[in-house]
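Novice: Structure file query.pdb (PDB, C-alpha atoms) is given on the next line.
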ATOM      1  CA  MET A   1       2.674 -31.849  -7.690  1.00  0.00           C
ATOM      2  CA  GLU A   2       4.743 -28.747  -6.870  1.00  0.00           C
ATOM      3  CA  THR A   3       2.606 -26.301  -8.839  1.00  0.00           C
ATOM      4  CA  LYS A   4      -0.574 -27.519  -7.075  1.00  0.00           C
ATOM      5  CA  SER A   5       0.556 -25.771  -3.902  1.00  0.00           C
ATOM      6  CA  LEU A   6      -0.101 -22.444  -5.630  1.00  0.00           C
ATOM      7  CA  GLN A   7      -3.829 -22.017  -5.084  1.00  0.00           C
ATOM      8  CA  PHE A   8      -4.222 -18.880  -7.178  1.00  0.00           C
ATOM      9  CA  PRO A   9      -2.528 -17.261 -10.188  1.00  0.00           C
ATOM     10  CA  ASN A  10       1.225 -16.887  -9.730  1.00  0.00           C
ATOM     11  CA  LYS A  11       1.175 -13.205 -10.616  1.00  0.00           C
ATOM     12  CA  ILE A  12      -0.537 -10.825  -8.206  1.00  0.00           C
ATOM     13  CA  TYR A  13      -1.944  -7.507  -9.401  1.00  0.00           C
ATOM     14  CA  ILE A  14      -3.595  -4.465  -7.845  1.00  0.00           C
ATOM     15  CA  ASN A  15      -7.309  -4.685  -7.035  1.00  0.00           C
ATOM     16  CA  LYS A  16      -8.271  -2.085  -9.640  1.00  0.00           C
ATOM     17  CA  GLU A  17     -11.980  -2.000  -8.791  1.00  0.00           C
ATOM     18  CA  LYS A  18     -11.380  -1.139  -5.135  1.00  0.00           C
ATOM     19  CA  ALA A  19      -8.735   1.456  -5.990  1.00  0.00           C
ATOM     20  CA  ARG A  20     -11.041   3.057  -8.575  1.00  0.00           C
ATOM     21  CA  LYS A  21     -13.899   3.327  -6.038  1.00  0.00           C
ATOM     22  CA  GLU A  22     -11.577   4.855  -3.441  1.00  0.00           C
ATOM     23  CA  SER A  23     -10.265   7.310  -6.032  1.00  0.00           C
ATOM     24  CA  ILE A  24     -13.817   8.451  -6.813  1.00  0.00           C
ATOM     25  CA  LEU A  25     -14.664   8.767  -3.105  1.00  0.00           C
ATOM     26  CA  PHE A  26     -11.577  10.862  -2.388  1.00  0.00           C
ATOM     27  CA  GLY A  27     -12.298  12.982  -5.472  1.00  0.00           C
ATOM     28  CA  VAL A  28     -15.813  13.752  -4.232  1.00  0.00           C
ATOM     29  CA  LEU A  29     -14.479  14.633  -0.772  1.00  0.00           C
ATOM     30  CA  THR A  30     -11.895  16.916  -2.396  1.00  0.00           C
ATOM     31  CA  LEU A  31     -14.680  18.746  -4.235  1.00  0.00           C
ATOM     32  CA  CYS A  32     -16.610  19.034  -0.952  1.00  0.00           C
ATOM     33  CA  CYS A  33     -13.578  20.787   0.538  1.00  0.00           C
ATOM     34  CA  LEU A  34     -13.676  23.306  -2.309  1.00  0.00           C
ATOM     35  CA  PHE A  35     -17.352  23.930  -1.626  1.00  0.00           C
ATOM     36  CA  GLY A  36     -16.598  24.317   2.109  1.00  0.00           C
ATOM     37  CA  PHE A  37     -13.884  26.859   1.337  1.00  0.00           C
ATOM     38  CA  TRP A  38     -16.212  28.755  -1.009  1.00  0.00           C
ATOM     39  CA  TYR A  39     -18.960  28.839   1.620  1.00  0.00           C
ATOM     40  CA  GLY A  40     -16.569  29.580   4.508  1.00  0.00           C
ATOM     41  CA  THR A  41     -15.126  32.619   2.742  1.00  0.00           C
ATOM     42  CA  GLY A  42     -18.586  34.092   2.229  1.00  0.00           C
ATOM     43  CA  LYS A  43     -18.651  33.053  -1.420  1.00  0.00           C
ATOM     44  CA  PHE A  44     -15.068  34.238  -1.959  1.00  0.00           C
ATOM     45  CA  PHE A  45     -15.501  37.328   0.214  1.00  0.00           C
ATOM     46  CA  THR A  46     -18.445  38.727  -1.740  1.00  0.00           C
ATOM     47  CA  GLU A  47     -20.812  38.456   1.261  1.00  0.00           C
ATOM     48  CA  ASP A  48     -20.718  40.284   4.598  1.00  0.00           C
ATOM     49  CA  PHE A  49     -19.859  37.123   6.543  1.00  0.00           C
ATOM     50  CA  TYR A  50     -17.168  34.486   6.528  1.00  0.00           C
ATOM     51  CA  TYR A  51     -16.028  31.647   8.811  1.00  0.00           C
ATOM     52  CA  PRO A  52     -12.328  31.894   9.701  1.00  0.00           C
ATOM     53  CA  LYS A  53     -12.135  28.275  10.879  1.00  0.00           C
ATOM     54  CA  LEU A  54     -13.390  27.004   7.525  1.00  0.00           C
ATOM     55  CA  VAL A  55     -11.043  29.351   5.660  1.00  0.00           C
ATOM     56  CA  ILE A  56      -8.095  27.756   7.506  1.00  0.00           C
ATOM     57  CA  PHE A  57      -9.347  24.154   7.756  1.00  0.00           C
ATOM     58  CA  MET A  58     -10.668  23.543   4.220  1.00  0.00           C
ATOM     59  CA  PRO A  59      -7.434  24.228   2.260  1.00  0.00           C
ATOM     60  CA  ILE A  60      -5.557  21.797   4.525  1.00  0.00           C
ATOM     61  CA  CYS A  61      -8.203  19.119   3.984  1.00  0.00           C
ATOM     62  CA  PHE A  62      -8.221  19.882   0.260  1.00  0.00           C
ATOM     63  CA  VAL A  63      -4.458  19.327  -0.079  1.00  0.00           C
ATOM     64  CA  ILE A  64      -4.510  16.069   1.925  1.00  0.00           C
ATOM     65  CA  LEU A  65      -7.489  14.692   0.009  1.00  0.00           C
ATOM     66  CA  LEU A  66      -6.043  15.776  -3.342  1.00  0.00           C
ATOM     67  CA  ILE A  67      -2.812  13.887  -2.581  1.00  0.00           C
ATOM     68  CA  GLU A  68      -4.821  10.780  -1.610  1.00  0.00           C
ATOM     69  CA  THR A  69      -6.971  11.084  -4.752  1.00  0.00           C
ATOM     70  CA  ILE A  70      -3.862  11.212  -6.947  1.00  0.00           C
ATOM     71  CA  LYS A  71      -2.317   8.215  -5.120  1.00  0.00           C
ATOM     72  CA  LYS A  72      -5.504   6.155  -5.493  1.00  0.00           C
ATOM     73  CA  HIS A  73      -5.781   7.121  -9.172  1.00  0.00           C
ATOM     74  CA  LYS A  74      -2.173   6.048  -9.812  1.00  0.00           C
ATOM     75  CA  THR A  75      -2.856   2.781  -7.990  1.00  0.00           C
ATOM     76  CA  ALA A  76      -6.020   2.181 -10.041  1.00  0.00           C
ATOM     77  CA  SER A  77      -4.173   2.815 -13.310  1.00  0.00           C
ATOM     78  CA  ASN A  78      -1.339   0.390 -12.476  1.00  0.00           C
ATOM     79  CA  ASN A  79      -1.485  -2.589 -14.859  1.00  0.00           C
ATOM     80  CA  ASP A  80       1.835  -4.058 -13.775  1.00  0.00           C
ATOM     81  CA  VAL A  81       2.395  -7.177 -11.719  1.00  0.00           C
ATOM     82  CA  ILE A  82       3.131  -6.353  -8.066  1.00  0.00           C
ATOM     83  CA  LEU A  83       4.712  -9.666  -7.098  1.00  0.00           C
ATOM     84  CA  SER A  84       5.022 -13.141  -8.499  1.00  0.00           C
ATOM     85  CA  LEU A  85       5.224 -16.469  -6.698  1.00  0.00           C
ATOM     86  CA  THR A  86       7.246 -19.165  -8.409  1.00  0.00           C
ATOM     87  CA  GLU A  87       8.669 -22.521  -7.400  1.00  0.00           C
ATOM     88  CA  LYS A  88      12.017 -20.790  -6.770  1.00  0.00           C
ATOM     89  CA  GLY A  89      10.723 -17.934  -4.608  1.00  0.00           C
ATOM     90  CA  ILE A  90       9.031 -14.534  -4.701  1.00  0.00           C
ATOM     91  CA  GLN A  91       9.879 -11.852  -7.222  1.00  0.00           C
ATOM     92  CA  PHE A  92       8.916  -8.203  -6.627  1.00  0.00           C
ATOM     93  CA  PHE A  93       8.236  -5.911  -9.567  1.00  0.00           C
ATOM     94  CA  ASN A  94       8.369  -2.491  -7.914  1.00  0.00           C
ATOM     95  CA  LYS A  95      10.934  -0.243  -9.658  1.00  0.00           C
ATOM     96  CA  ASP A  96      12.999  -0.039  -6.440  1.00  0.00           C
ATOM     97  CA  TYR A  97      13.306  -3.856  -6.374  1.00  0.00           C
ATOM     98  CA  THR A  98      15.018  -4.364  -9.745  1.00  0.00           C
ATOM     99  CA  GLY A  99      18.307  -5.317  -8.044  1.00  0.00           C
ATOM    100  CA  VAL A 100      16.680  -7.900  -5.769  1.00  0.00           C
ATOM    101  CA  SER A 101      15.624 -10.432  -8.431  1.00  0.00           C
ATOM    102  CA  ILE A 102      14.010 -13.555  -6.929  1.00  0.00           C
ATOM    103  CA  VAL A 103      14.067 -14.077  -3.161  1.00  0.00           C
ATOM    104  CA  PRO A 104      14.410 -17.859  -2.675  1.00  0.00           C
ATOM    105  CA  TRP A 105      11.958 -19.716  -0.429  1.00  0.00           C
ATOM    106  CA  SER A 106      14.879 -20.869   1.722  1.00  0.00           C
ATOM    107  CA  GLU A 107      15.532 -17.215   2.703  1.00  0.00           C
ATOM    108  CA  ILE A 108      11.881 -16.357   3.424  1.00  0.00           C
ATOM    109  CA  THR A 109      10.638 -16.957   6.974  1.00  0.00           C
ATOM    110  CA  GLY A 110       6.986 -16.199   6.239  1.00  0.00           C
ATOM    111  CA  SER A 111       4.534 -13.384   5.831  1.00  0.00           C
ATOM    112  CA  THR A 112       2.663 -11.326   8.386  1.00  0.00           C
ATOM    113  CA  GLU A 113      -0.203  -8.894   8.248  1.00  0.00           C
ATOM    114  CA  ILE A 114       0.330  -5.950  10.588  1.00  0.00           C
ATOM    115  CA  GLU A 115      -2.219  -3.275  11.463  1.00  0.00           C
ATOM    116  CA  THR A 116      -0.714   0.184  11.430  1.00  0.00           C
ATOM    117  CA  GLY A 117      -2.205   3.531  12.299  1.00  0.00           C
ATOM    118  CA  SER A 118      -0.699   5.187   9.227  1.00  0.00           C
ATOM    119  CA  SER A 119      -3.822   6.906   8.013  1.00  0.00           C
ATOM    120  CA  TYR A 120      -4.746  10.575   7.773  1.00  0.00           C
ATOM    121  CA  PHE A 121      -7.978   9.791   9.556  1.00  0.00           C
ATOM    122  CA  GLY A 122      -6.446   8.843  12.908  1.00  0.00           C
ATOM    123  CA  SER A 123      -8.358   5.822  14.139  1.00  0.00           C
ATOM    124  CA  ALA A 124      -8.468   4.079  10.747  1.00  0.00           C
ATOM    125  CA  LYS A 125      -6.176   1.063  10.780  1.00  0.00           C
ATOM    126  CA  VAL A 126      -4.344  -0.018   7.645  1.00  0.00           C
ATOM    127  CA  LYS A 127      -3.353  -3.673   7.230  1.00  0.00           C
ATOM    128  CA  MET A 128       0.077  -4.151   5.710  1.00  0.00           C
ATOM    129  CA  LEU A 129       1.287  -7.438   4.211  1.00  0.00           C
ATOM    130  CA  CYS A 130       4.951  -8.023   5.058  1.00  0.00           C
ATOM    131  CA  VAL A 131       7.247 -10.608   3.481  1.00  0.00           C
ATOM    132  CA  ASN A 132       9.835 -11.540   6.117  1.00  0.00           C
ATOM    133  CA  VAL A 133      13.307 -12.969   5.490  1.00  0.00           C
ATOM    134  CA  LYS A 134      16.159 -14.376   7.598  1.00  0.00           C
ATOM    135  CA  THR A 135      18.713 -11.685   6.721  1.00  0.00           C
ATOM    136  CA  PRO A 136      17.041  -8.519   5.407  1.00  0.00           C
ATOM    137  CA  SER A 137      20.319  -6.567   5.188  1.00  0.00           C
ATOM    138  CA  ILE A 138      21.337  -8.557   2.083  1.00  0.00           C
ATOM    139  CA  TYR A 139      18.213  -7.428   0.233  1.00  0.00           C
ATOM    140  CA  LEU A 140      17.946  -3.940   1.717  1.00  0.00           C
ATOM    141  CA  ASP A 141      21.318  -3.101   0.131  1.00  0.00           C
ATOM    142  CA  LYS A 142      19.839  -3.918  -3.298  1.00  0.00           C
ATOM    143  CA  ILE A 143      16.632  -1.885  -2.825  1.00  0.00           C
ATOM    144  CA  GLY A 144      16.301   1.731  -4.008  1.00  0.00           C
ATOM    145  CA  ASN A 145      16.853   4.467  -1.409  1.00  0.00           C
ATOM    146  CA  ASN A 146      13.214   5.613  -1.013  1.00  0.00           C
ATOM    147  CA  SER A 147      11.839   2.155  -0.287  1.00  0.00           C
ATOM    148  CA  LYS A 148      14.907   1.242   1.755  1.00  0.00           C
ATOM    149  CA  LYS A 149      14.428   4.135   4.193  1.00  0.00           C
ATOM    150  CA  LYS A 150      10.712   3.415   4.584  1.00  0.00           C
ATOM    151  CA  LEU A 151      11.362  -0.303   5.164  1.00  0.00           C
ATOM    152  CA  ILE A 152      14.062   0.262   7.771  1.00  0.00           C
ATOM    153  CA  LYS A 153      11.788   2.668   9.657  1.00  0.00           C
ATOM    154  CA  PHE A 154       8.810   0.268   9.349  1.00  0.00           C
ATOM    155  CA  ASN A 155      10.877  -2.748  10.454  1.00  0.00           C
ATOM    156  CA  THR A 156      12.333  -0.924  13.448  1.00  0.00           C
ATOM    157  CA  LYS A 157       8.913   0.321  14.558  1.00  0.00           C
ATOM    158  CA  ASN A 158       7.242  -3.107  14.250  1.00  0.00           C
ATOM    159  CA  ASN A 159      10.252  -5.236  15.273  1.00  0.00           C
ATOM    160  CA  ILE A 160      10.190  -7.452  12.158  1.00  0.00           C
ATOM    161  CA  LYS A 161      12.609  -8.457   9.389  1.00  0.00           C
ATOM    162  CA  SER A 162      10.624  -7.530   6.292  1.00  0.00           C
ATOM    163  CA  ILE A 163      11.921  -6.700   2.822  1.00  0.00           C
ATOM    164  CA  PHE A 164       8.549  -5.907   1.240  1.00  0.00           C
ATOM    165  CA  THR A 165       5.397  -4.248   2.583  1.00  0.00           C
ATOM    166  CA  ILE A 166       2.192  -3.330   0.816  1.00  0.00           C
ATOM    167  CA  GLU A 167      -1.315  -2.422   1.895  1.00  0.00           C
ATOM    168  CA  SER A 168      -3.218  -5.726   1.920  1.00  0.00           C
ATOM    169  CA  ALA A 169      -6.449  -4.254   0.598  1.00  0.00           C
ATOM    170  CA  THR A 170      -4.783  -3.105  -2.622  1.00  0.00           C
ATOM    171  CA  LEU A 171      -3.942  -6.653  -3.767  1.00  0.00           C
ATOM    172  CA  ALA A 172      -6.376  -8.575  -5.962  1.00  0.00           C
ATOM    173  CA  VAL A 173      -5.945 -11.862  -4.104  1.00  0.00           C
ATOM    174  CA  ASP A 174      -7.398 -13.698  -1.119  1.00  0.00           C
ATOM    175  CA  MET A 175      -4.967 -12.767   1.672  1.00  0.00           C
ATOM    176  CA  ILE A 176      -5.545 -15.971   3.641  1.00  0.00           C
ATOM    177  CA  ALA A 177      -4.736 -18.114   0.584  1.00  0.00           C
ATOM    178  CA  LEU A 178      -1.664 -15.988  -0.174  1.00  0.00           C
ATOM    179  CA  LYS A 179      -0.244 -16.258   3.351  1.00  0.00           C
ATOM    180  CA  LYS A 180      -1.069 -19.982   3.471  1.00  0.00           C
ATOM    181  CA  THR A 181       0.740 -20.594   0.180  1.00  0.00           C
ATOM    182  CA  ILE A 182       3.776 -18.614   1.330  1.00  0.00           C
ATOM    183  CA  TYR A 183       3.976 -20.684   4.517  1.00  0.00           C
ATOM    184  CA  GLN A 184       3.522 -23.934   2.573  1.00  0.00           C
ATOM    185  CA  MET A 185       6.354 -23.036   0.215  1.00  0.00           C
ATOM    186  CA  VAL A 186       8.601 -21.958   3.123  1.00  0.00           C
ATOM    187  CA  GLU A 187       7.944 -25.246   4.962  1.00  0.00           C
ATOM    188  CA  LYS A 188       8.529 -27.195   1.749  1.00  0.00           C
ATOM    189  CA  SER A 189      11.923 -25.494   1.248  1.00  0.00           C
ATOM    190  CA  VAL A 190      12.928 -26.214   4.858  1.00  0.00           C
ATOM    191  CA  SER A 191      12.042 -29.898   4.550  1.00  0.00           C
ATOM    192  CA  ASN A 192      14.083 -30.284   1.323  1.00  0.00           C
TER     193      ASN A 192
END
Output the file's structure in the form of C-alpha cells.
Specialist:
Amino acid sequence: METKSLQFPNKIYINKEKARKESILFGVLTLCCLFGFWYGTGKFFTEDFYYPKLVIFMPICFVILLIETIKKHKTASNNDVILSLTEKGIQFFNKDYTGVSIVPWSEITGSTEIETGSSYFGSAKVKMLCVNVKTPSIYLDKIGNNSKKKLIKFNTKNNIKSIFTIESATLAVDMIALKKTIYQMVEKSVSN
C-alpha cells in the first residue's frame, strides 16, 4: 500500500530531450552572434564601413550565449539521477549533497514552485522547484559551499526554508504529480 503513493518512477532524471533542443537553439544563436560581429566589423575591417554598436554588442551576446550553450549541453549529457523519492524520504544526488544523505519525510514541510526572474533575457520567468524543510540549517551545514551560498541567498530573497532548488523544466517528470506525491508523503509521516 505504501509504494502505491508514488505515482511515477522513484528516481527522477533530467529531461534530456528538452535540454538537447535548448542546447541546439543556444548554439545557433551563438553562431548568429559571430555572423553579426563579422558583419558589424565590415567583414573583419576589410570593407570601408563598420557598425560600432554591433562591434561592442555582439561579443557580449556571444559570451553569454556560449556560456548558456555549454550549460545546456552539460545538462543534456547528464545521465545521473537528480533526486530519488523513497518511503524514508528524499535523497539528492548532486555532488554538493553527498553529506546530506536521505532527508526524512518528517523533516520535509512540502515543495513549492517559485517563479524567478533569473534569466539573461529579462522578462523570461524561470520556475524553480524547491524542497522545503522545518530546519534548513541542519542540512545547509552538510551541503558544499557553492550550493550553500546560492541556497542561502535564494531562501533569503524568497522567504522560504528550502534545502534544494532546481529549474522545474529540466526534470523529466510531471511536476503536479511530483508535488502531490511529496505532499502525500509529508502528510502520511505527520499522521504516523
Novice: Expanded to explicit residues, what is the PyMOL selection byres ((chain A and resi 170) around 6) for this file, as a PyMOL selection string?
Specialist: chain A and resi 14-15+167-169+171
Novice: Take the residues from that selection and write them out as a PDB file, in the frame of the given file, keeping C-alpha atoms.
Specialist:
ATOM      1  CA  ILE A  14      -3.595  -4.465  -7.845  1.00  0.00           C
ATOM      2  CA  ASN A  15      -7.309  -4.685  -7.035  1.00  0.00           C
ATOM      3  CA  GLU A 167      -1.315  -2.422   1.895  1.00  0.00           C
ATOM      4  CA  SER A 168      -3.218  -5.726   1.920  1.00  0.00           C
ATOM      5  CA  ALA A 169      -6.449  -4.254   0.598  1.00  0.00           C
ATOM      6  CA  LEU A 171      -3.942  -6.653  -3.767  1.00  0.00           C
TER       7      LEU A 171
END
Novice: Taking (20.1, -3.2, 8.2) in the coordinates of the supplied file, I want to know which residues reach to within 10 Å of it, counting all atoms listed in the file; could you give the answer as a ChimeraX atom specification?
Specialist: /A:135-141,148,151-152,155-156,161
Novice: Could you tell me which residues the PyMOL selection byres ((chain A and resi 190) around 12) returns for this structure, as an NGL selection string?
Specialist: :A and (104-110 or 183-189 or 191-192)
Novice: For Ile70 in chain A, find every residue with an atom within 12 Å (counting only C-alpha atoms), except residues of its own chain fewer than 5 positions away, and show them as a PDB file with C-alpha atoms, in the frame of the given file.
Specialist:
ATOM      1  CA  ALA A  19      -8.735   1.456  -5.990  1.00  0.00           C
ATOM      2  CA  ARG A  20     -11.041   3.057  -8.575  1.00  0.00           C
ATOM      3  CA  GLU A  22     -11.577   4.855  -3.441  1.00  0.00           C
ATOM      4  CA  SER A  23     -10.265   7.310  -6.032  1.00  0.00           C
ATOM      5  CA  ILE A  24     -13.817   8.451  -6.813  1.00  0.00           C
ATOM      6  CA  LEU A  25     -14.664   8.767  -3.105  1.00  0.00           C
ATOM      7  CA  PHE A  26     -11.577  10.862  -2.388  1.00  0.00           C
ATOM      8  CA  GLY A  27     -12.298  12.982  -5.472  1.00  0.00           C
ATOM      9  CA  THR A  30     -11.895  16.916  -2.396  1.00  0.00           C
ATOM     10  CA  VAL A  63      -4.458  19.327  -0.079  1.00  0.00           C
ATOM     11  CA  ILE A  64      -4.510  16.069   1.925  1.00  0.00           C
ATOM     12  CA  LEU A  65      -7.489  14.692   0.009  1.00  0.00           C
ATOM     13  CA  THR A  75      -2.856   2.781  -7.990  1.00  0.00           C
ATOM     14  CA  ALA A  76      -6.020   2.181 -10.041  1.00  0.00           C
ATOM     15  CA  SER A  77      -4.173   2.815 -13.310  1.00  0.00           C
TER      16      SER A  77
END
Novice: I need the residue set behind the PyMOL selection byres ((chain A and resi 179) around 10) for this file; please write it as a PyMOL selection string.
Specialist: chain A and resi 110-113+129-131+174-178+180-185
Novice: Output C-alpha atoms for every residue in the selection just made, as a compact mmCIF listing (two decimals), keeping the file's coordinate frame.
Specialist:
# COMPACT_ATOMS: atom_id res chain seq x y z
CA GLY A 110 6.99 -16.20 6.24
CA SER A 111 4.53 -13.38 5.83
CA THR A 112 2.66 -11.33 8.39
CA GLU A 113 -0.20 -8.89 8.25
CA LEU A 129 1.29 -7.44 4.21
CA CYS A 130 4.95 -8.02 5.06
CA VAL A 131 7.25 -10.61 3.48
CA ASP A 174 -7.40 -13.70 -1.12
CA MET A 175 -4.97 -12.77 1.67
CA ILE A 176 -5.54 -15.97 3.64
CA ALA A 177 -4.74 -18.11 0.58
CA LEU A 178 -1.66 -15.99 -0.17
CA LYS A 180 -1.07 -19.98 3.47
CA THR A 181 0.74 -20.59 0.18
CA ILE A 182 3.78 -18.61 1.33
CA TYR A 183 3.98 -20.68 4.52
CA GLN A 184 3.52 -23.93 2.57
CA MET A 185 6.35 -23.04 0.22
Novice: I need the residue nearest Cys32 in chain A from this list: A:Glu47, A:Pro59, A:Tyr13, A:Ile160. Use all atoms listed in the file for the distance.
Specialist: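 With all atoms listed in the file as the atom set, the closest residue is A:Pro59.
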Novice: Counting all atoms listed in the file, figure out which residue out of A:Phe44, A:Phe57, A:Tyr97, A:Tyr51 gets nearest to Asn145 in chain A.
Specialist: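 Counting all atoms listed in the file, the residue closest to Asn145 in chain A is A:Tyr97.
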Novice: With only C-alpha atoms as the atoms that count, which of A:Trp38, A:Lys72, A:Cys33, A:Leu85 lies nearest to Met58 in chain A?
Specialist: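 Result for the nearest residue to Met58 in chain A: A:Cys33.
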Novice: Could you jot down the CA of Asn159 in chain A to CA of Lys125 in chain A separation for me, Å, one decimal place?
Specialist: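 So the answer is 18.2 Å.
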Novice: Residues within 6 Å of Ile90 in chain A, please, as a ChimeraX atom specification. Count all atoms listed in the file; anything in the same chain fewer than 6 positions from it doesn't count.
Specialist: /A:84,102-103
Novice: Expressed in Å to a single decimal, how great is the separation between CA of Phe154 in chain A and CA of Val133 in chain A?
Specialist: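 Pair CA of Phe154 in chain A / CA of Val133 in chain A returns 14.5 Å.
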Novice: Leaving out Ile12 in chain A and any residue of its chain fewer than 2 positions from it, which residues lie within 6 Å of it when counting only C-alpha atoms, given as a list in words?
Specialist: Val81, Ile82 and Leu83 of chain A
Novice: So which one's closest to Met128 in chain A, A:Ile143, A:Ile166, A:Asn158, A:Asn94? Using only C-alpha atoms, please.
Specialist: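 Nearest candidate to Met128 in chain A out of A:Ile143, A:Ile166, A:Asn158, A:Asn94: A:Ile166.
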Novice: Report, in Å with one decimal, the straight-line distance from CA of Gly36 in chain A to CA of Leu54 in chain A.
Specialist: 6.8 Å
Novice: I'd like to know which of A:Lys127, A:Lys134, A:Lys95, A:Ile60 is closest to Asn146 in chain A, using all atoms listed in the file.
Specialist: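 The answer is A:Lys95, which sits nearest to Asn146 in chain A.
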Novice: May I have the centre and edge lengths, in Å to one decimal, of an axis-aligned box around the listed atoms of range 47-56 of chain A with 5 Å added to every side, as JSON?
Specialist:
{"center_x": -14.5, "center_y": 33.6, "center_z": 6.1, "size_x": 22.7, "size_y": 23.3, "size_z": 19.6}
Novice: So, with only C-alpha atoms as the atoms that count, which of A:Thr116, A:His73, A:Lys153, A:Asp80 lies closest to Phe92 in chain A?
Specialist: A:Asp80
